[in-house]
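Visitor: See my_file-v3.cif below, with mmCIF, C-alpha atoms and all ligand atoms.
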data_final
loop_
_atom_site.group_PDB
_atom_site.id
_atom_site.type_symbol
_atom_site.label_atom_id
_atom_site.label_comp_id
_atom_site.auth_asym_id
_atom_site.auth_seq_id
_atom_site.Cartn_x
_atom_site.Cartn_y
_atom_site.Cartn_z
ATOM 1 C CA MET A 1 77.871 96.162 122.065
ATOM 2 C CA GLN A 2 81.688 96.242 122.396
ATOM 3 C CA GLU A 3 84.246 98.071 120.293
ATOM 4 C CA LEU A 4 87.644 96.477 119.692
ATOM 5 C CA VAL A 5 90.200 98.618 117.870
ATOM 6 C CA VAL A 6 93.330 97.104 116.358
ATOM 7 C CA ILE A 7 96.238 99.542 116.110
ATOM 8 C CA SER A 8 99.989 99.566 115.528
ATOM 9 C CA GLY A 9 102.822 102.024 116.000
ATOM 10 C CA LYS A 10 103.437 102.140 112.255
ATOM 11 C CA GLY A 11 102.065 100.699 109.033
ATOM 12 C CA GLY A 12 103.136 97.294 107.704
ATOM 13 C CA THR A 13 102.960 95.292 110.950
ATOM 14 C CA GLY A 14 100.259 92.939 109.672
ATOM 15 C CA LYS A 15 97.454 94.800 111.461
ATOM 16 C CA THR A 16 94.971 94.650 108.585
ATOM 17 C CA SER A 17 95.644 90.941 107.894
ATOM 18 C CA LEU A 18 94.948 90.265 111.548
ATOM 19 C CA VAL A 19 91.734 92.305 111.460
ATOM 20 C CA ALA A 20 90.563 90.315 108.411
ATOM 21 C CA SER A 21 91.133 87.062 110.307
ATOM 22 C CA LEU A 22 89.405 88.347 113.451
ATOM 23 C CA ALA A 23 86.456 89.360 111.255
ATOM 24 C CA ALA A 24 86.259 85.787 109.971
ATOM 25 C CA LEU A 25 86.346 84.378 113.518
ATOM 26 C CA ALA A 26 83.981 86.799 115.248
ATOM 27 C CA GLU A 27 80.224 86.747 114.845
ATOM 28 C CA ARG A 28 77.559 89.411 114.690
ATOM 29 C CA LEU A 29 79.977 92.245 113.950
ATOM 30 C CA VAL A 30 80.331 95.414 111.949
ATOM 31 C CA LEU A 31 83.731 96.370 110.548
ATOM 32 C CA ALA A 32 85.157 99.878 110.469
ATOM 33 C CA ASP A 33 88.290 100.544 108.437
ATOM 34 C CA CYS A 34 89.693 103.684 110.053
ATOM 35 C CA ASP A 35 93.022 103.572 108.258
ATOM 36 C CA VAL A 36 91.585 106.205 105.909
ATOM 37 C CA ASP A 37 94.976 107.350 104.576
ATOM 38 C CA ALA A 38 95.693 103.842 103.265
ATOM 39 C CA ALA A 39 92.463 101.848 103.554
ATOM 40 C CA ASP A 40 93.099 98.285 102.387
ATOM 41 C CA LEU A 41 90.759 96.026 104.371
ATOM 42 C CA HIS A 42 88.372 96.170 101.414
ATOM 43 C CA LEU A 43 91.044 94.475 99.268
ATOM 44 C CA VAL A 44 90.724 91.338 101.415
ATOM 45 C CA LEU A 45 86.990 91.522 102.061
ATOM 46 C CA SER A 46 85.755 92.505 98.563
ATOM 47 C CA PRO A 47 82.809 94.553 99.828
ATOM 48 C CA GLU A 48 79.684 95.316 97.841
ATOM 49 C CA ILE A 49 79.008 99.018 98.208
ATOM 50 C CA GLU A 50 75.466 99.841 99.420
ATOM 51 C CA ARG A 51 75.923 103.551 99.965
ATOM 52 C CA ARG A 52 78.568 106.061 98.873
ATOM 53 C CA GLU A 53 78.870 109.583 100.328
ATOM 54 C CA GLN A 54 81.141 112.574 99.786
ATOM 55 C CA PHE A 55 83.214 113.763 102.728
ATOM 56 C CA SER A 56 83.991 117.413 103.350
ATOM 57 C CA GLY A 57 86.402 118.005 106.196
ATOM 58 C CA GLY A 58 87.192 121.685 105.653
ATOM 59 C CA SER A 59 87.083 124.743 103.454
ATOM 60 C CA ARG A 60 89.465 126.243 100.936
ATOM 61 C CA ALA A 61 90.051 129.606 99.301
ATOM 62 C CA ARG A 62 90.110 130.357 95.572
ATOM 63 C CA ILE A 63 90.821 133.706 93.907
ATOM 64 C CA ARG A 64 88.520 134.784 91.084
ATOM 65 C CA PRO A 65 91.079 136.312 88.688
ATOM 66 C CA GLY A 66 88.542 138.675 87.083
ATOM 67 C CA HIS A 67 87.957 140.408 90.453
ATOM 68 C CA CYS A 68 91.549 140.585 91.759
ATOM 69 C CA SER A 69 93.234 144.033 91.793
ATOM 70 C CA ALA A 70 96.637 142.501 92.649
ATOM 71 C CA CYS A 71 96.893 144.473 95.892
ATOM 72 C CA GLY A 72 98.900 141.649 97.497
ATOM 73 C CA LYS A 73 96.965 141.687 100.796
ATOM 74 C CA CYS A 74 96.299 137.921 100.626
ATOM 75 C CA LEU A 75 99.987 137.155 100.090
ATOM 76 C CA GLU A 76 100.876 139.338 103.040
ATOM 77 C CA LEU A 77 98.323 137.681 105.357
ATOM 78 C CA CYS A 78 98.627 134.002 104.430
ATOM 79 C CA ARG A 79 100.782 132.229 107.036
ATOM 80 C CA PHE A 80 100.909 129.011 105.059
ATOM 81 C CA GLY A 81 102.704 130.181 101.933
ATOM 82 C CA ALA A 82 99.692 129.250 99.826
ATOM 83 C CA VAL A 83 99.486 132.469 97.777
ATOM 84 C CA ALA A 84 101.580 133.078 94.655
ATOM 85 C CA PHE A 85 101.762 136.017 92.257
ATOM 86 C CA ASP A 86 101.336 134.025 89.082
ATOM 87 C CA GLY A 87 97.625 134.189 88.260
ATOM 88 C CA PRO A 88 96.271 135.302 84.858
ATOM 89 C CA GLY A 89 95.847 138.987 84.038
ATOM 90 C CA ASN A 90 92.523 140.806 83.679
ATOM 91 C CA GLY A 91 91.451 144.142 82.183
ATOM 92 C CA ARG A 92 93.024 146.038 85.111
ATOM 93 C CA VAL A 93 96.290 144.230 85.927
ATOM 94 C CA SER A 94 98.686 142.106 83.879
ATOM 95 C CA LYS A 95 99.005 139.447 86.631
ATOM 96 C CA THR A 96 96.820 138.412 89.554
ATOM 97 C CA TYR A 97 97.379 136.342 92.659
ATOM 98 C CA ARG A 98 96.608 132.628 92.853
ATOM 99 C CA ILE A 99 96.059 130.199 95.741
ATOM 100 C CA ASP A 100 97.689 126.775 95.732
ATOM 101 C CA ALA A 101 94.810 124.438 96.663
ATOM 102 C CA ILE A 102 97.156 121.880 98.266
ATOM 103 C CA ALA A 103 99.028 124.417 100.413
ATOM 104 C CA CYS A 104 95.851 126.244 101.517
ATOM 105 C CA GLU A 105 94.953 125.325 105.111
ATOM 106 C CA GLY A 106 91.472 126.784 104.863
ATOM 107 C CA CYS A 107 91.829 129.398 107.627
ATOM 108 C CA GLY A 108 89.748 131.921 105.642
ATOM 109 C CA VAL A 109 91.821 134.992 106.606
ATOM 110 C CA CYS A 110 92.551 136.037 103.015
ATOM 111 C CA ALA A 111 88.874 135.889 102.028
ATOM 112 C CA TYR A 112 87.881 137.948 105.057
ATOM 113 C CA PHE A 113 90.339 140.763 104.322
ATOM 114 C CA CYS A 114 90.342 140.860 100.511
ATOM 115 C CA PRO A 115 89.270 144.450 99.657
ATOM 116 C CA GLU A 116 87.748 143.339 96.340
ATOM 117 C CA GLU A 117 85.833 140.315 97.700
ATOM 118 C CA ALA A 118 87.689 138.412 95.016
ATOM 119 C CA ILE A 119 88.258 135.274 97.095
ATOM 120 C CA GLU A 120 85.720 132.484 97.213
ATOM 121 C CA PHE A 121 85.841 130.497 100.412
ATOM 122 C CA GLY A 122 83.809 127.350 100.985
ATOM 123 C CA PRO A 123 83.720 123.633 101.772
ATOM 124 C CA VAL A 124 85.616 121.212 99.551
ATOM 125 C CA VAL A 125 85.215 117.475 99.046
ATOM 126 C CA ASN A 126 88.187 115.718 100.682
ATOM 127 C CA GLY A 127 87.178 112.123 100.192
ATOM 128 C CA GLN A 128 84.426 109.530 100.132
ATOM 129 C CA TRP A 129 83.014 107.069 102.624
ATOM 130 C CA PHE A 130 81.123 103.860 102.014
ATOM 131 C CA ILE A 131 78.709 101.513 103.722
ATOM 132 C CA SER A 132 79.118 98.050 102.288
ATOM 133 C CA THR A 133 78.377 94.379 102.767
ATOM 134 C CA THR A 134 81.115 91.767 103.175
ATOM 135 C CA ARG A 135 80.996 88.015 103.724
ATOM 136 C CA HIS A 136 81.577 88.673 107.454
ATOM 137 C CA GLY A 137 79.060 91.484 107.934
ATOM 138 C CA PRO A 138 78.600 95.158 107.169
ATOM 139 C CA MET A 139 81.658 97.345 106.766
ATOM 140 C CA VAL A 140 82.167 101.109 106.814
ATOM 141 C CA TYR A 141 85.276 102.450 105.161
ATOM 142 C CA ALA A 142 86.548 105.632 103.554
ATOM 143 C CA ARG A 143 89.030 107.009 101.128
ATOM 144 C CA LEU A 144 90.700 110.363 101.647
ATOM 145 C CA GLY A 145 91.639 112.285 98.496
ATOM 146 C CA VAL A 146 95.300 112.631 97.482
ATOM 147 C CA ALA A 147 97.163 115.150 99.693
ATOM 148 C CA GLU A 148 93.974 115.751 101.706
ATOM 149 C CA GLU A 149 93.985 116.194 105.453
ATOM 150 C CA ASN A 150 91.410 116.092 108.230
ATOM 151 C CA SER A 151 91.587 112.313 108.348
ATOM 152 C CA GLY A 152 90.746 112.508 112.081
ATOM 153 C CA LYS A 153 87.299 113.870 111.198
ATOM 154 C CA LEU A 154 86.808 111.144 108.597
ATOM 155 C CA VAL A 155 87.866 108.441 111.077
ATOM 156 C CA SER A 156 85.325 109.744 113.594
ATOM 157 C CA LEU A 157 82.658 109.653 110.895
ATOM 158 C CA VAL A 158 83.496 106.029 109.975
ATOM 159 C CA ARG A 159 83.333 104.943 113.621
ATOM 160 C CA ARG A 160 80.094 106.833 114.197
ATOM 161 C CA GLU A 161 78.459 105.136 111.191
ATOM 162 C CA ALA A 162 79.708 101.707 112.301
ATOM 163 C CA LYS A 163 78.242 102.322 115.751
ATOM 164 C CA ARG A 164 74.923 103.376 114.249
ATOM 165 C CA ILE A 165 74.771 100.196 112.132
ATOM 166 C CA ALA A 166 75.680 98.006 115.110
ATOM 167 C CA SER A 167 72.943 99.612 117.157
ATOM 168 C CA GLU A 168 70.294 99.430 114.391
ATOM 169 C CA ARG A 169 71.060 95.792 113.545
ATOM 170 C CA ASN A 170 71.628 94.769 117.143
ATOM 171 C CA LEU A 171 75.195 93.554 116.492
ATOM 172 C CA ASP A 172 77.563 92.606 119.309
ATOM 173 C CA LEU A 173 80.944 93.837 118.099
ATOM 174 C CA ILE A 174 82.451 96.802 116.276
ATOM 175 C CA LEU A 175 85.826 95.677 114.955
ATOM 176 C CA VAL A 176 87.973 98.655 114.009
ATOM 177 C CA ASP A 177 91.068 98.570 111.818
ATOM 178 C CA GLY A 178 92.653 101.643 113.395
ATOM 179 C CA SER A 179 95.025 104.146 111.853
ATOM 180 C CA PRO A 180 98.715 103.439 112.452
ATOM 181 C CA GLY A 181 101.017 105.802 114.347
ATOM 182 C CA ILE A 182 100.162 108.183 117.190
ATOM 183 C CA GLY A 183 98.717 111.199 115.357
ATOM 184 C CA CYS A 184 95.253 112.667 115.056
ATOM 185 C CA PRO A 185 93.751 109.756 113.042
ATOM 186 C CA VAL A 186 94.793 107.136 115.607
ATOM 187 C CA ILE A 187 93.500 109.284 118.460
ATOM 188 C CA ALA A 188 90.198 109.494 116.582
ATOM 189 C CA SER A 189 90.350 105.687 116.134
ATOM 190 C CA ILE A 190 90.732 104.790 119.800
ATOM 191 C CA THR A 191 88.954 107.395 121.923
ATOM 192 C CA GLY A 192 86.028 105.773 123.675
ATOM 193 C CA ALA A 193 86.833 102.236 122.434
ATOM 194 C CA ASP A 194 86.346 99.351 124.867
ATOM 195 C CA LEU A 195 89.579 97.525 124.089
ATOM 196 C CA ALA A 196 92.694 98.098 121.978
ATOM 197 C CA LEU A 197 94.839 95.376 120.478
ATOM 198 C CA VAL A 198 98.305 96.712 119.678
ATOM 199 C CA VAL A 199 100.054 94.778 116.912
ATOM 200 C CA THR A 200 103.805 94.959 116.783
ATOM 201 C CA GLU A 201 106.802 93.128 115.354
ATOM 202 C CA PRO A 202 109.997 91.964 117.097
ATOM 203 C CA THR A 203 112.234 94.722 115.748
ATOM 204 C CA PRO A 204 113.870 97.709 117.515
ATOM 205 C CA SER A 205 111.395 100.047 115.817
ATOM 206 C CA GLY A 206 108.543 97.737 116.862
ATOM 207 C CA LEU A 207 109.647 98.088 120.481
ATOM 208 C CA HIS A 208 109.975 101.860 120.182
ATOM 209 C CA ASP A 209 106.592 102.234 118.457
ATOM 210 C CA LEU A 210 104.925 100.023 121.047
ATOM 211 C CA ASN A 211 106.040 102.390 123.816
ATOM 212 C CA ARG A 212 104.542 105.348 121.990
ATOM 213 C CA VAL A 213 101.224 103.628 121.300
ATOM 214 C CA VAL A 214 100.967 102.356 124.855
ATOM 215 C CA LYS A 215 101.413 105.918 126.185
ATOM 216 C CA LEU A 216 98.529 106.921 123.952
ATOM 217 C CA THR A 217 96.164 104.143 125.077
ATOM 218 C CA ARG A 218 96.979 104.867 128.721
ATOM 219 C CA HIS A 219 96.410 108.568 128.196
ATOM 220 C CA PHE A 220 92.940 107.886 126.812
ATOM 221 C CA GLY A 221 92.186 105.182 129.380
ATOM 222 C CA ILE A 222 91.744 102.353 126.861
ATOM 223 C CA PRO A 223 92.612 98.869 128.154
ATOM 224 C CA ALA A 224 95.242 97.518 125.738
ATOM 225 C CA TRP A 225 96.526 94.072 124.812
ATOM 226 C CA VAL A 226 99.597 93.316 122.742
ATOM 227 C CA ALA A 227 100.143 90.797 119.941
ATOM 228 C CA VAL A 228 103.588 90.207 118.458
ATOM 229 C CA ASN A 229 103.391 89.377 114.766
ATOM 230 C CA LYS A 230 106.131 87.280 113.093
ATOM 231 C CA CYS A 231 107.380 86.573 116.618
ATOM 232 C CA ASP A 232 109.937 83.954 115.535
ATOM 233 C CA LEU A 233 111.914 86.475 113.458
ATOM 234 C CA ASN A 234 113.601 87.543 116.707
ATOM 235 C CA LEU A 235 112.499 85.621 119.798
ATOM 236 C CA SER A 236 114.654 87.574 122.257
ATOM 237 C CA LEU A 237 113.183 90.897 121.067
ATOM 238 C CA CYS A 238 109.739 89.320 121.173
ATOM 239 C CA GLU A 239 110.320 88.437 124.843
ATOM 240 C CA GLU A 240 111.615 91.948 125.506
ATOM 241 C CA ILE A 241 108.466 93.448 123.964
ATOM 242 C CA GLU A 242 106.229 91.177 126.038
ATOM 243 C CA GLY A 243 108.234 92.036 129.174
ATOM 244 C CA ARG A 244 107.978 95.746 128.455
ATOM 245 C CA ALA A 245 104.238 95.394 127.863
ATOM 246 C CA ALA A 246 103.811 93.605 131.204
ATOM 247 C CA GLU A 247 105.848 96.301 133.014
ATOM 248 C CA GLN A 248 103.414 98.874 131.661
ATOM 249 C CA GLY A 249 100.396 96.946 132.894
ATOM 250 C CA LEU A 250 99.412 95.524 129.508
ATOM 251 C CA SER A 251 98.391 91.946 128.855
ATOM 252 C CA VAL A 252 99.835 89.840 126.076
ATOM 253 C CA ALA A 253 97.177 88.538 123.716
ATOM 254 C CA GLY A 254 99.623 86.195 122.006
ATOM 255 C CA ARG A 255 102.270 85.659 119.389
ATOM 256 C CA ILE A 256 101.784 85.010 115.675
ATOM 257 C CA ARG A 257 104.436 82.915 113.988
ATOM 258 C CA TYR A 258 105.876 83.968 110.641
ATOM 259 C CA ASP A 259 103.937 82.074 108.008
ATOM 260 C CA SER A 260 104.112 82.403 104.223
ATOM 261 C CA THR A 261 100.457 81.330 103.945
ATOM 262 C CA VAL A 262 99.530 84.845 105.147
ATOM 263 C CA THR A 263 100.893 86.261 101.878
ATOM 264 C CA GLU A 264 99.221 83.481 99.888
ATOM 265 C CA ALA A 265 95.924 84.400 101.537
ATOM 266 C CA GLN A 266 96.387 88.098 100.681
ATOM 267 C CA ILE A 267 96.977 87.205 97.033
ATOM 268 C CA ARG A 268 93.677 85.273 97.050
ATOM 269 C CA ALA A 269 91.845 88.141 98.813
ATOM 270 C CA LEU A 270 91.238 85.967 101.862
ATOM 271 C CA SER A 271 92.226 86.050 105.505
ATOM 272 C CA VAL A 272 94.675 83.355 106.577
ATOM 273 C CA VAL A 273 92.102 81.681 108.855
ATOM 274 C CA GLU A 274 89.867 81.213 105.798
ATOM 275 C CA HIS A 275 92.631 80.292 103.358
ATOM 276 C CA ARG A 276 94.643 77.859 105.531
ATOM 277 C CA PRO A 277 92.804 77.248 108.809
ATOM 278 C CA GLU A 278 95.389 74.588 109.735
ATOM 279 C CA SER A 279 98.397 76.930 109.294
ATOM 280 C CA ALA A 280 100.582 78.117 112.178
ATOM 281 C CA ALA A 281 99.473 81.737 111.777
ATOM 282 C CA ALA A 282 95.777 80.768 111.713
ATOM 283 C CA GLU A 283 96.222 78.659 114.853
ATOM 284 C CA ASP A 284 97.947 81.562 116.661
ATOM 285 C CA ILE A 285 95.278 84.035 115.579
ATOM 286 C CA ARG A 286 92.484 81.741 116.801
ATOM 287 C CA GLN A 287 94.166 81.644 120.217
ATOM 288 C CA ILE A 288 94.415 85.420 120.275
ATOM 289 C CA TRP A 289 90.744 85.739 119.370
ATOM 290 C CA THR A 290 89.714 83.257 122.074
ATOM 291 C CA ARG A 291 91.529 85.419 124.659
ATOM 292 C CA LEU A 292 90.110 88.689 123.398
ATOM 293 C CA GLU A 293 86.610 87.303 123.078
ATOM 294 C CA GLY A 294 86.810 86.213 126.726
ATOM 295 C CA VAL A 295 87.947 89.702 127.761
ATOM 296 C CA LEU A 296 85.175 91.346 125.755
ATOM 297 C CA ARG A 297 82.571 89.014 127.281
ATOM 298 C CA GLU A 298 83.926 89.711 130.755
ATOM 299 C CA ARG A 299 83.899 93.431 130.064
ATOM 300 C CA GLN A 300 80.314 93.243 128.901
ATOM 301 C CA ARG A 301 79.454 91.935 132.357
ATOM 302 C CA GLU A 302 81.818 94.189 134.303
ATOM 303 C CA PRO A 303 83.828 97.048 132.665
ATOM 304 C CA LEU A 304 87.638 96.625 132.946
ATOM 305 C CA ARG A 305 89.593 98.852 135.270
ATOM 306 C CA VAL A 306 92.495 100.664 133.605
ATOM 307 C CA ILE A 307 95.834 100.947 135.385
ATOM 308 C CA SER A 308 96.928 104.583 135.191
HETATM 309 S S1 LIG B 1 93.619 140.408 98.534
HETATM 310 FE FE1 LIG B 1 92.074 140.100 96.945
HETATM 311 S S2 LIG B 1 92.414 141.759 95.506
HETATM 312 FE FE2 LIG B 1 94.218 141.673 96.786
HETATM 313 S S3 LIG B 1 95.620 140.349 95.659
HETATM 314 FE FE3 LIG B 1 94.480 139.019 97.034
HETATM 315 S S4 LIG B 1 92.738 138.323 95.849
HETATM 316 FE FE4 LIG B 1 93.607 140.067 94.754
HETATM 317 S S1 LIG B 2 92.464 130.427 103.400
HETATM 318 FE FE1 LIG B 2 94.178 130.774 104.800
HETATM 319 S S2 LIG B 2 95.655 129.234 104.183
HETATM 320 FE FE2 LIG B 2 94.220 129.421 102.500
HETATM 321 S S3 LIG B 2 95.167 130.904 101.154
HETATM 322 FE FE3 LIG B 2 93.780 132.019 102.494
HETATM 323 S S4 LIG B 2 95.074 132.725 104.172
HETATM 324 FE FE4 LIG B 2 96.195 131.122 103.103
#
If you convert what's in this file into structure tokens, what do you get?
Guide:
Amino acid sequence: MQELVVISGKGGTGKTSLVASLAALAERLVLADCDVDAADLHLVLSPEIERREQFSGGSRARIRPGHCSACGKCLELCRFGAVAFDGPGNGRVSKTYRIDAIACEGCGVCAYFCPEEAIEFGPVVNGQWFISTTRHGPMVYARLGVAEENSGKLVSLVRREAKRIASERNLDLILVDGSPGIGCPVIASITGADLALVVTEPTPSGLHDLNRVVKLTRHFGIPAWVAVNKCDLNLSLCEEIEGRAAEQGLSVAGRIRYDSTVTEAQIRALSVVEHRPESAAAEDIRQIWTRLEGVLRERQREPLRVIS
């Protein structure tokens, strides 16, 4: 079993569209949408949900107004500015303290030191995760609640479930739509993966983001390939990106030409290789997949060495 994770330095590079096409081209795979802050692979793959679970990635404090003596200890101790003196009164005091659920970081200090034991502290539901069936195979994905954090934990959970399914059903490939950027969720998306495909665009920010992502993949020892989406928007920058990738020991998986059929496919909830297999973008993506499939096969026989 091999795990290929598709990542990008920022959102909006066409990463998810590419993953949807790779899912259509690959066989015997399980999909994992690890872009839990903005999961959208399900919009293209129209999954049927088989199992739905709550996700709890942390705890939170809540003051019980009836028990608060308004001593102010929690306000004094909270380092996250989550406590305000605007709670309702009770029989003893005209106003109590209140904790802002969004600002609370769940450290638990206030609950530990409250002299009245007026603060409840316990796990909260931060999101949901799903096991589903798509036309290309099983898919695990998740949705983090609004303003919720701990997406790194949720990403790890999604990957773990995808791995379990691949192992139980004897599938060959785990195809991961990774989180964009270089933060905790993307680290959780790539650690331990067999191969990373970095999707970028020929823009100055694309070049800058590529450098950051490449540092990350090298740090974690993940062999990485680069694909330049909408390459013909700026061919000289595209060449610069490919040159920079080569300097850093990365291989170029290919270029994808700008193609309006990609948007048409999205509107029809299809990947471009399904919607217009004869289109320029579909042709380019097939070539990229042929290269990656070869690398994955090779790796199955003999693990790749990473240049550090
Ligand atoms: S520490 Fe406890 S009793 Fe004191 S203000 Fe906070 S919640 Fe109220
Ligand atoms: S749990 Fe921590 S972050 Fe939340 S209100 Fe209490 S002290 Fe502040």
Visitor: With 8 Å added on each side, what axis-aligned box encloses every listed atom of ligand LIG 1 (chain B)? Give the centre and edge lengths in Å to one decimal, as AutoDock Vina command-line options.
Guide:
--center_x 93.8 --center_y 140.0 --center_z 96.6 --size_x 19.5 --size_y 19.4 --size_z 19.8
Visitor: Against stretch 115-133 of chain A, which residues of stretch 141-219 of chain A fall within 6 Å? For each one I want the closest pair of atoms and the distance in Å (one decimal), counting only C-alpha atoms, rows by chain and increasing residue number, as JSON lines.
Guide:
{"residue": "A:Tyr141", "atom": "CA", "partner": "A:Phe130", "partner_atom": "CA", "distance": 5.4}
{"residue": "A:Ala142", "atom": "CA", "partner": "A:Trp129", "partner_atom": "CA", "distance": 3.9}
{"residue": "A:Arg143", "atom": "CA", "partner": "A:Gln128", "partner_atom": "CA", "distance": 5.3}
{"residue": "A:Leu144", "atom": "CA", "partner": "A:Gly127", "partner_atom": "CA", "distance": 4.2}
{"residue": "A:Gly145", "atom": "CA", "partner": "A:Gly127", "partner_atom": "CA", "distance": 4.8}
{"residue": "A:Glu148", "atom": "CA", "partner": "A:Asn126", "partner_atom": "CA", "distance": 5.9}
Visitor: Counting all atoms listed in the file, which residues of chain A sit at most 7 Å from some atom of ligand LIG 1 (chain B), and what is each one's closest atom pair with its distance in Å to one decimal, listed by chain and rising residue number, as a tab-separated table?
Guide:
residue	atom	partner	partner_atom	distance
A:Ile63	CA	B:LIG1	S4	5.4
A:His67	CA	B:LIG1	S2	6.9
A:Cys68	CA	B:LIG1	FE4	3.7
A:Ser69	CA	B:LIG1	S2	4.4
A:Ala70	CA	B:LIG1	S3	3.8
A:Cys71	CA	B:LIG1	FE2	4.0
A:Gly72	CA	B:LIG1	S3	4.0
A:Lys73	CA	B:LIG1	S1	4.2
A:Cys74	CA	B:LIG1	FE3	4.2
A:Leu75	CA	B:LIG1	FE3	6.6
A:Thr96	CA	B:LIG1	FE4	6.3
A:Tyr97	CA	B:LIG1	S3	5.3
A:Cys110	CA	B:LIG1	S1	6.4
A:Phe113	CA	B:LIG1	S1	6.7
A:Cys114	CA	B:LIG1	S1	3.9
A:Pro115	CA	B:LIG1	FE1	5.8
A:Glu116	CA	B:LIG1	S2	5.0
A:Glu117	CA	B:LIG1	FE1	6.3
A:Ala118	CA	B:LIG1	FE1	5.1
A:Ile119	CA	B:LIG1	S4	5.6
Visitor: Which residues fall under the PyMOL selection byres (((chain A and resi 194) around 7) and not hetatm) in this file, as number ranges by chain?
Guide: A: 2-4, 192-193, 195, 222
Visitor: List as a ChimeraX atom specification the protein and nucleic acid residues lying within 10 Å of ligand LIG 2 (chain B), with all atoms listed in the file counted.
Guide: /A:59-63,73-84,98-114,119-122
Visitor: Env of stretch 254-269 of chain A: 10 Å cut, atoms = only C-alpha atoms, seq-sep filter 6 positions within chain, self excluded. Answer as number ranges by chain.
Guide: A: 14, 17-18, 20, 41-46, 199-201, 225-233, 238, 242, 275-277, 279-289, 291-292
Visitor: Out of A:Pro185, A:Gly11, A:Pro47, A:Pro88, which residue has the shortest atom-to-atom distance to A:Arg159 when counting all atoms listed in the file?
Guide: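 Among A:Pro185, A:Gly11, A:Pro47, A:Pro88, it is A:Pro185 that comes nearest to A:Arg159.
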Visitor: Taking only C-alpha atoms into account, which of A:Gly9, A:Gln300, A:Asp177, A:Thr191 comes nearest A:Cys34?
Guide: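 Closest candidate: A:Asp177.
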Visitor: Tell me, as a ChimeraX atom specification, which residues lie within 12 Å of A:Ala246, counting all atoms listed in the file; anything in the same chain fewer than 5 positions away does not count.
Guide: /A:211,214,224-226,239-241,251-253,307
Visitor: Would you please work out which residue, of A:Val30, A:Glu274, A:Arg301, A:Arg64, is nearest to A:Arg160 when using all atoms listed in the file?
Guide: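 Under the stated criterion, the closest residue is A:Val30.
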Visitor: Taking (78.0, 87.9, 113.7) in the file's coordinates as the center, which residues reach within 7 Å of it, counting all atoms listed in the file, put as a list in words?
Guide: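 Protein, DNA and RNA residues close to (78.0, 87.9, 113.7): Ala26, Glu27, Arg28, Leu29, Gly137 and Leu171 of chain A.
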